[in-house]
Amino acid sequence: MAAPSKRSSRPTSVRKAWRSLTWLAVIIVGLFAINAAGVIWGGGSWTPKLALDLEGGTQIILEPQLESGQTASQEQLDQAVSIIRQRVDASGVAEPEINTEGSNVVVRIPGELDDQTRARIEQSSKLELRAVLATDAATTESISPTDSPAATDPAEELSSTPTAVPTDGSDPAWITPALQEQFDTFDCSTLDDAETNVAPADEPLVTCDQTRTVKYLLGPVEASGENIVDATNGTVTTSTGASTGTWAVNIQFDDEGTKDFASVSTRLYGLSGQTPRDQFAFVLDGAVLTAPSMNGAITDGRPQITGNFTQESSKALADQLKFGALPLSFTVQSSETISPTLGTSQLQAGLLAGLIGLILVVIYTLFQYRALGSVTIASLAIAAVITYLMITILSWREGYRLSLAGIAGLIVAIGFTADSFIVYFERVRDELREGRPLVGAVEAGWKRAFRTVLASKGVNLLAAVVLFVLAVGSVKGFAYTLGLTTIIDVLVVILFTHPMLQLLAQTRFFSSGNPWSGLDPTALGAVYRGRAEFRKPVAVPVGKAASSSKEAQRRQTIAERKANAGVGTGSSEGKES
């Protein structure tokens, strides 16, 4: 059977090339369509959002609310900064600046601050868990074990007879005549939106819920929100794993919180039917978030709150429980609009640096690879288009904001992206030096180069991920853009650079080894083996031949140099003999 001819293999590579280019076109058109849909219907934009250093934003100064004579420790302030940052990040705001200045916490948010994010910041305070002693409204919520109710006998309830000295947080002995009068005369409507009642942890508290419609008389603090490890929303499932469609909030305590909550839940479950003494209130910033009744003794630290929740309300409550456990309570000292921390000159300098870097890369590729360098330039242009579209879409959907550090990541990516093309071109040239025709050199060089490119980009992506996870602030923007451009780089090499070389290998200009193609066999020092030659050698001027010989010698591999040295030694020995 005759071996397949080279012509029969060419259409296959051409078809593969066009298929890859078609997929690339589909991706680019799809990104354009998504962005256009965001602009038309979703409030998106054709330009990415800018971060605080380039656009400016809002600055909020939070002052610790302490008792007279007390001071906030640096450890407490650092913990507050960490939790507030989590709460702000949960709202989708990218690249906020949150730090301490003296005894205050300063929060700087890029762009225009929406009401929901502002509420997350200004209402962030200490989360406390208190037993309910009295209330003027019945609850519609309950708290139960996540799996199944514990086998605790409600008959083991504590005595409801008031005692002179309170024995626990649910003891009616806490309600003195003065406290009862304060509760009876307390009017929630007199509190404004920013005002709440607070009390020491070891004393009762008269307060209202966040809507200012229900008032509560609560016992002392019996568990701290600092011990809540996680809080999520989801639907309640049956014992068989089927969803009931009812939304709930699932809480997870740490070891200390598990112990505290087990003791409280056991006591409150023993008070079942003695409403409201079987209720347990979650209090944030002096306001009651929820006060569910206890439906079981929960000893595993995983209670579940159910009630008239929607998906949105359950998520809001879960976020408040998860990110509300600040070690301190804060009041808003000031809130104002601030200008960009970097001026237009710094932005222009960064963009100019990127432009200079891009020009140098273009000059180098054209000088080193001549016409082949045009593939690098086109590949960089395709990567730039995809990157820009991705950044604008992420700005619209994920709240990503482009900072000067992010722009630096894009500039660094120019060199990383060009490096992939250089690795590929050099592998093709190596194959040409071995005597392969251009079509075969492109395919063989791609197999060798692709492994190298994947290894290199894998290291880049790993570095970006580690940097993103460990860093804070603007450094995250650098890591984010670096990781994004690394993935796009691999995509462009696969769907554009390699297919373009497959197509160019079919043209006469490149396949004939034109000196301006960057694939001149004489300059590369190609080794000719019969029919595998590029083109027939032609006579060249002495000066040019010497120059090409030096270039070929410079580009020889180590193995070729050793082989030539051995041939030269053998020849000289023969002459001596």
# chains A, B, ... in the order shown; residues from 1 in each chain; ligands from 1
>>> select_by_dssp(residues="range 336-377 of chain A", states="alpha helix (DSSP H)", output="NGL selection string")
:A and (344-369 or 373-377)
>>> residues_around(residues="range 401-410 of chain A", least_positions_apart="5", cutoff="10 Å", atoms="only C-alpha atoms", output="VMD selection string")
chain A and resid 48 to 55 93 to 96 110 to 111 342 346 to 347 350 to 351 353 to 354 384 387 391 to 392 394 to 396 415 to 416 464 473 to 486
>>> residues_around(residues="range 309-314 of chain A", least_positions_apart="2", cutoff="8 Å", atoms="only C-alpha atoms", output="ChimeraX atom specification")
/A:233-234,246-249,306-307,316-318
>>> residues_around(residues="Val221 in chain A", least_positions_apart="3", cutoff="7 Å", atoms="only C-alpha atoms", output="VMD selection string")
chain A and resid 128 to 130 201 to 202
>>> write_last_selection(atoms="N, CA, C and O atoms", output="compact mmCIF listing (two decimals), in the first residue's frame")
# COMPACT_ATOMS: atom_id res chain seq x y z
N GLU A 128 -24.78 39.35 69.44
CA GLU A 128 -25.00 38.72 70.74
C GLU A 128 -26.22 37.81 70.66
O GLU A 128 -27.15 38.06 69.90
N LEU A 129 -26.21 36.76 71.48
CA LEU A 129 -27.34 35.82 71.56
C LEU A 129 -27.90 35.89 72.98
O LEU A 129 -27.20 35.59 73.96
N ARG A 130 -29.16 36.32 73.09
CA ARG A 130 -29.82 36.50 74.39
C ARG A 130 -31.16 35.77 74.41
O ARG A 130 -31.87 35.69 73.40
N ALA A 201 -23.12 43.09 78.76
CA ALA A 201 -23.40 41.69 78.45
C ALA A 201 -24.06 40.94 79.59
O ALA A 201 -24.81 39.98 79.36
N ASP A 202 -23.82 41.37 80.84
CA ASP A 202 -24.36 40.64 81.98
C ASP A 202 -25.64 41.25 82.52
O ASP A 202 -26.08 40.92 83.63
>>> atom_distance(atom1="CA of Glu75 in chain A", atom2="CA of Ser103 in chain A")
11.2 Å
>>> closest_residue(among="A:Ile305, A:Ala72, A:Leu372, A:Met500", to="Ser20 in chain A", atoms="only C-alpha atoms")
A:Met500
>>> select_by_dssp(residues="range 47-141 of chain A", states="strand (DSSP E)", output="ChimeraX atom specification")
/A:49-50,57-65,97-101,104-110,127-135
>>> write_last_selection(atoms="C-alpha atoms", output="short mmCIF file (atom, residue, chain, number, x, y, z; two decimals), in the first residue's frame")
data_model
loop_
_atom_site.label_atom_id
_atom_site.label_comp_id
_atom_site.auth_asym_id
_atom_site.auth_seq_id
_atom_site.Cartn_x
_atom_site.Cartn_y
_atom_site.Cartn_z
CA LYS A 49 -15.32 50.05 36.13
CA LEU A 50 -12.32 51.75 37.74
CA GLY A 57 -15.42 56.80 45.82
CA THR A 58 -16.84 56.99 49.35
CA GLN A 59 -15.01 57.09 52.66
CA ILE A 60 -16.69 55.98 55.89
CA ILE A 61 -14.97 56.39 59.26
CA LEU A 62 -16.22 54.02 61.98
CA GLU A 63 -15.58 54.91 65.63
CA PRO A 64 -15.61 52.18 68.32
CA GLN A 65 -18.50 52.45 70.76
CA GLU A 97 -9.51 49.81 51.13
CA ILE A 98 -10.22 48.96 54.77
CA ASN A 99 -7.68 49.79 57.47
CA THR A 100 -7.23 51.38 60.87
CA GLU A 101 -6.28 54.97 61.56
CA ASN A 104 -10.97 54.22 64.10
CA VAL A 105 -11.67 51.91 61.17
CA VAL A 106 -11.63 53.66 57.79
CA VAL A 107 -13.52 52.09 54.87
CA ARG A 108 -12.98 53.41 51.34
CA ILE A 109 -15.26 52.02 48.62
CA PRO A 110 -14.71 52.74 44.89
CA LEU A 127 -23.51 40.00 67.49
CA GLU A 128 -25.00 38.72 70.74
CA LEU A 129 -27.34 35.82 71.56
CA ARG A 130 -29.82 36.50 74.39
CA ALA A 131 -32.85 34.63 75.75
CA VAL A 132 -36.23 36.34 75.36
CA LEU A 133 -37.96 37.27 78.63
CA ALA A 134 -40.90 39.21 77.17
CA THR A 135 -42.17 40.54 73.84
#
>>> residues_around(residues="Leu503 in chain A", least_positions_apart="2", cutoff="10 Å", atoms="only C-alpha atoms", output="list in words")
Arg10, Pro11, Ser13, Val14, Arg15, Lys16, Ala17, Trp18, Val439, His498, Pro499, Met500, Leu501, Ala505, Gln506 and Thr507 of chain A
>>> closest_residue(among="A:Arg508, A:Lys322, A:Arg302, A:Lys447", to="Leu284 in chain A", atoms="only C-alpha atoms")
A:Lys322
>>> closest_residue(among="A:Glu226, A:Asp184, A:Asp168, A:Glu434", to="Ala80 in chain A", atoms="only C-alpha atoms")
A:Glu226
>>> closest_residue(among="A:Asp209, A:Pro303, A:Pro166, A:Ala441", to="Asp230 in chain A", atoms="only C-alpha atoms")
A:Pro303
>>> closest_atom_pairs(of="range 174-249 of chain A", to="range 255-275 of chain A", cutoff="7 Å", atoms="only C-alpha atoms", output="CSV")
residue,atom,partner,partner_atom,distance
A:Ala223,CA,A:Asp260,CA,6.0
A:Asn227,CA,A:Gly257,CA,4.9
A:Ile228,CA,A:Gly257,CA,6.9
>>> atom_distance(atom1="CA of Arg429 in chain A", atom2="CA of Asp489 in chain A")
21.4 Å
